[in-house]
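Report on one structure; see the data block that follows.
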Amino acid sequence: MPYNLLLLPLLGGFLFLRWWNPTRYHALRAEKERLLILAAIPGLISLILAFAVVKGLGAILPCTDWPNFPCFPAWWKSNVPFDYLGTSLLAFALGASVWWPWNKLFCSQKVAIDKVIDEDKIPFELLLKKAQDQTKTVSVTMSNGKVYVGWVTHSFNPALPTRFIQSLPIKSGYRNQETKWLEFTTFYSEALDHLKRDVDKKFDEYGEVLKQLEQVTTQNERRPNPRTASQIHELNKRIEQLEAEIEELETTADDFDIVLPVSEIMSINVFSEYVHSQYFTASEEDDQTLETDDEKKRKALEKALIQAYDIPESERLEYYKSLIERFGR
């Protein structure tokens, strides 16, 4: 077999490696030299299978058994000047096509993505995938102190490094510069609830208008008159308006997604509203109370030190000792 014909099985092996779900992401991330070796493995297997198929069919169905049909192997050998070209083409066809039924039967794309993420064990991607699979919200703290809490709507592609994440926020705020506690200022969930209620109202009105249209249409069929015809026109116009409003509201809800650059993310964690409200809110309030007490204590000490200048020098030592006993060292 001419060596240049081996390029066809190699190309088929590359296509198999690129599109079969268990190997596609490894192929996209592999270096050129490593990719060449990886593609040669399925290429060699497809070449062996193609050679076995060609030799096996030739032995099982020889041309002498086809008296009424032309001998295709003999025609191919006499008209195609390259030996083993048919074997190479069959090897290419096997590698370039067998991945499709195998993906349907053995491994879906989602399963392959989960497997690659589990194998890589990158904490960032593991946390995002866990939150997405378990429908949990995450808290994302940005470099500017902004905090977003929401669901992960990001589509994972293990072939490329994650540079951005997509999220549907339910609320946002910032971290206090001194205490670093979360302080929420914007509640997207409330806006989404209002949108849902508005959509439900529009659907209810839509159903009522449809009933009115049916009644008026039936009445107009029995006794046609210009007044009912005008009512039908107005009701159809209202239905079109309601359909446009419902579509706009549903589109607005989908537009709440935000895209955050990974380079600007300082920290990310799974966020539980219940755990936060039950175990952390009280700590934030206590911390603010302690901070207020410390502030009062500091101001009182500053005032006492200023008053020390009005005390005679002979009495200042005793005054300072009393301040140490009062405020501590």
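So you can find residues: chains in the structure tokens are A, B, ... in the order shown, residues in each start at 1, and ligands are numbered from 1 in order.
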Neighbouring residues of Thr228 of chain A were defined as those with any atom within 12 Å, considering only C-alpha atoms; residues of the same chain fewer than 2 positions away were excluded. Please report them as an mmCIF file with C-alpha atoms, in the first residue's frame.
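Result saved to result_31.cif:
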```
data_model
loop_
_atom_site.group_PDB
_atom_site.id
_atom_site.type_symbol
_atom_site.label_atom_id
_atom_site.label_comp_id
_atom_site.auth_asym_id
_atom_site.auth_seq_id
_atom_site.Cartn_x
_atom_site.Cartn_y
_atom_site.Cartn_z
ATOM 1 C CA GLN A 212 -66.327 36.963 24.146
ATOM 2 C CA LEU A 213 -65.144 36.585 20.552
ATOM 3 C CA GLU A 214 -66.740 33.135 20.278
ATOM 4 C CA GLN A 215 -70.029 34.422 21.667
ATOM 5 C CA VAL A 216 -70.122 37.485 19.408
ATOM 6 C CA THR A 217 -69.112 35.415 16.365
ATOM 7 C CA THR A 218 -71.917 32.921 17.053
ATOM 8 C CA GLN A 219 -74.358 35.792 17.497
ATOM 9 C CA ASN A 220 -73.203 37.424 14.281
ATOM 10 C CA GLU A 221 -73.634 34.162 12.352
ATOM 11 C CA ARG A 222 -77.236 33.940 13.513
ATOM 12 C CA ARG A 223 -78.131 37.610 13.034
ATOM 13 C CA PRO A 224 -75.508 39.534 11.081
ATOM 14 C CA ASN A 225 -75.396 43.277 11.719
ATOM 15 C CA PRO A 226 -72.756 46.049 11.555
ATOM 16 C CA SER A 230 -67.494 46.000 14.704
ATOM 17 C CA GLN A 231 -67.274 44.155 18.029
ATOM 18 C CA ILE A 232 -65.553 41.211 16.332
ATOM 19 C CA HIS A 233 -63.009 43.573 14.783
ATOM 20 C CA GLU A 234 -62.294 45.213 18.153
ATOM 21 C CA LEU A 235 -61.962 41.846 19.928
#
```
Neighbour list for Ser167 of chain A as a JSON list (two decimals) with N, CA and C atoms, in the first residue's frame, cut-off 8 Å, only C-alpha atoms, skip fewer than 3 positions in-chain:
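Generated output (around29.json):
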```json
[["chain", "number", "residue", "atom", "x", "y", "z"],
["A", 150, "GLY", "N", -27.62, 34.18, 42.09],
["A", 150, "GLY", "CA", -28.54, 33.74, 41.05],
["A", 150, "GLY", "C", -28.27, 32.32, 40.62],
["A", 151, "TRP", "N", -29.04, 31.87, 39.64],
["A", 151, "TRP", "CA", -28.89, 30.53, 39.08],
["A", 151, "TRP", "C", -27.89, 30.53, 37.94],
["A", 152, "VAL", "N", -27.16, 29.44, 37.81],
["A", 152, "VAL", "CA", -26.18, 29.29, 36.74],
["A", 152, "VAL", "C", -26.90, 28.85, 35.47],
["A", 153, "THR", "N", -26.82, 29.66, 34.42],
["A", 153, "THR", "CA", -27.40, 29.32, 33.12],
["A", 153, "THR", "C", -26.31, 29.15, 32.07],
["A", 154, "HIS", "N", -25.09, 28.98, 32.53],
["A", 154, "HIS", "CA", -23.92, 28.90, 31.66],
["A", 154, "HIS", "C", -23.88, 27.57, 30.93],
["A", 257, "ASP", "N", -30.75, 37.69, 32.30],
["A", 257, "ASP", "CA", -29.44, 37.03, 32.40],
["A", 257, "ASP", "C", -28.31, 38.05, 32.35],
["A", 258, "ILE", "N", -27.26, 37.80, 33.13],
["A", 258, "ILE", "CA", -26.06, 38.64, 33.10],
["A", 258, "ILE", "C", -24.86, 37.75, 32.80],
["A", 259, "VAL", "N", -23.84, 38.33, 32.18],
["A", 259, "VAL", "CA", -22.60, 37.63, 31.85],
["A", 259, "VAL", "C", -21.48, 38.28, 32.65],
["A", 260, "LEU", "N", -20.76, 37.47, 33.42],
["A", 260, "LEU", "CA", -19.71, 37.97, 34.31],
["A", 260, "LEU", "C", -18.35, 37.45, 33.84]]
```
- Selected residue of minimal separation from Ala93 of chain A among A:Val116, A:Pro9, A:Ser143, A:Ser263, counting only C-alpha atoms: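 Comparing A:Val116, A:Pro9, A:Ser143, A:Ser263 against Ala93 of chain A, the winner is A:Pro9.
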- Query: Leaving out Thr137 of chain A and any residue of its chain fewer than 6 positions from it, which residues lie within 9 Å of it when counting only C-alpha atoms, given as a list in words?
  - Reply: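 The neighbour list is Ala131, Val149, Gly150, Trp151, Val152, Pro169, Ile170, Asn269, Val270, Phe271, Ser272 and Glu273 of chain A.
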Could you dump the residues just selected with N, CA and C atoms as a short mmCIF file (atom, residue, chain, number, x, y, z; two decimals), in the first residue's frame?
```cif
data_model
loop_
_atom_site.label_atom_id
_atom_site.label_comp_id
_atom_site.auth_asym_id
_atom_site.auth_seq_id
_atom_site.Cartn_x
_atom_site.Cartn_y
_atom_site.Cartn_z
N ALA A 131 -23.91 23.35 41.06
CA ALA A 131 -25.02 24.27 41.28
C ALA A 131 -26.05 24.18 40.17
N VAL A 149 -26.27 37.12 43.28
CA VAL A 149 -26.78 35.81 43.69
C VAL A 149 -27.80 35.37 42.65
N GLY A 150 -27.62 34.18 42.09
CA GLY A 150 -28.54 33.74 41.05
C GLY A 150 -28.27 32.32 40.62
N TRP A 151 -29.04 31.87 39.64
CA TRP A 151 -28.89 30.53 39.08
C TRP A 151 -27.89 30.53 37.94
N VAL A 152 -27.16 29.44 37.81
CA VAL A 152 -26.18 29.29 36.74
C VAL A 152 -26.90 28.85 35.47
N PRO A 169 -29.81 36.34 37.79
CA PRO A 169 -29.73 36.80 39.18
C PRO A 169 -31.09 36.87 39.84
N ILE A 170 -31.12 36.63 41.15
CA ILE A 170 -32.33 36.83 41.94
C ILE A 170 -32.18 38.06 42.85
N ASN A 269 -19.44 30.89 45.61
CA ASN A 269 -19.87 29.81 46.48
C ASN A 269 -21.35 29.52 46.27
N VAL A 270 -21.74 28.30 46.62
CA VAL A 270 -23.16 27.95 46.58
C VAL A 270 -23.88 28.74 47.67
N PHE A 271 -24.99 29.36 47.31
CA PHE A 271 -25.70 30.25 48.24
C PHE A 271 -27.05 29.64 48.58
N SER A 272 -27.32 29.51 49.89
CA SER A 272 -28.61 29.03 50.38
C SER A 272 -29.31 30.17 51.10
N GLU A 273 -30.46 30.56 50.62
CA GLU A 273 -31.21 31.66 51.25
C GLU A 273 -31.59 31.30 52.68
#
```
- Task: To one decimal in Å, tell me the separation between atom CA of Thr87 of chain A and atom CA of Thr23 of chain A.
- Result: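 Distance between the two atoms: 24.9 Å.
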- Within 9 Å of Leu89 of chain A using only C-alpha atoms, minus same-chain residues under 2 positions, as a ChimeraX atom specification: /A:5,8-9,50,84-87,91-94
- Atom pair atom CA of Leu242 of chain A / atom CA of Leu168 of chain A: separation (Å): 26.3 Å
- Grab the atom CA of Arg163 of chain A to atom CA of Asp255 of chain A distance for me, in Å with one decimal place. 20.6 Å
- Between A:Trp99, A:Phe203, A:Tyr274, A:Phe256, which has the minimum distance to Ile239 of chain A (counting only C-alpha atoms)?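 Going through A:Trp99, A:Phe203, A:Tyr274, A:Phe256 one by one, the smallest distance to Ile239 of chain A is for A:Phe203.
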- With a distance cut-off of 12 Å and only C-alpha atoms, select the neighbouring residues of Lys110 of chain A, excluding the residue or stretch itself and same-chain residues fewer than 5 positions from it, and output the selection as JSON, numbers by chain. {"A": [21, 22, 25, 103, 104, 115, 116, 117, 129, 133, 155, 156, 157, 158]}
- Message: List the spatial neighbours of Val147 of chain A as a PyMOL selection string - criterion: any atom at most 6 Å away, only C-alpha atoms, same-chain residues fewer than 2 positions off excluded.
- Response: chain A and resi 140-141+172-174
- Run DSSP on the backbone of this structure and report the residues of segment 13-141 of chain A it assigns to strand (DSSP E), as a PyMOL selection string. chain A and resi 137-141
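Candidate residues A:Ile45, A:Val262, A:Met142, A:Ala159 were compared for distance to Arg175 of chain A, and the nearest is A:Met142, using only C-alpha atoms.
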- DSSP on the backbone, then: every residue of segment 111-304 of chain A marked helix (DSSP H, G or I), written as an NGL selection string. :A and (111-120 or 123-133 or 188-222 or 226-254 or 262-264 or 273-304)
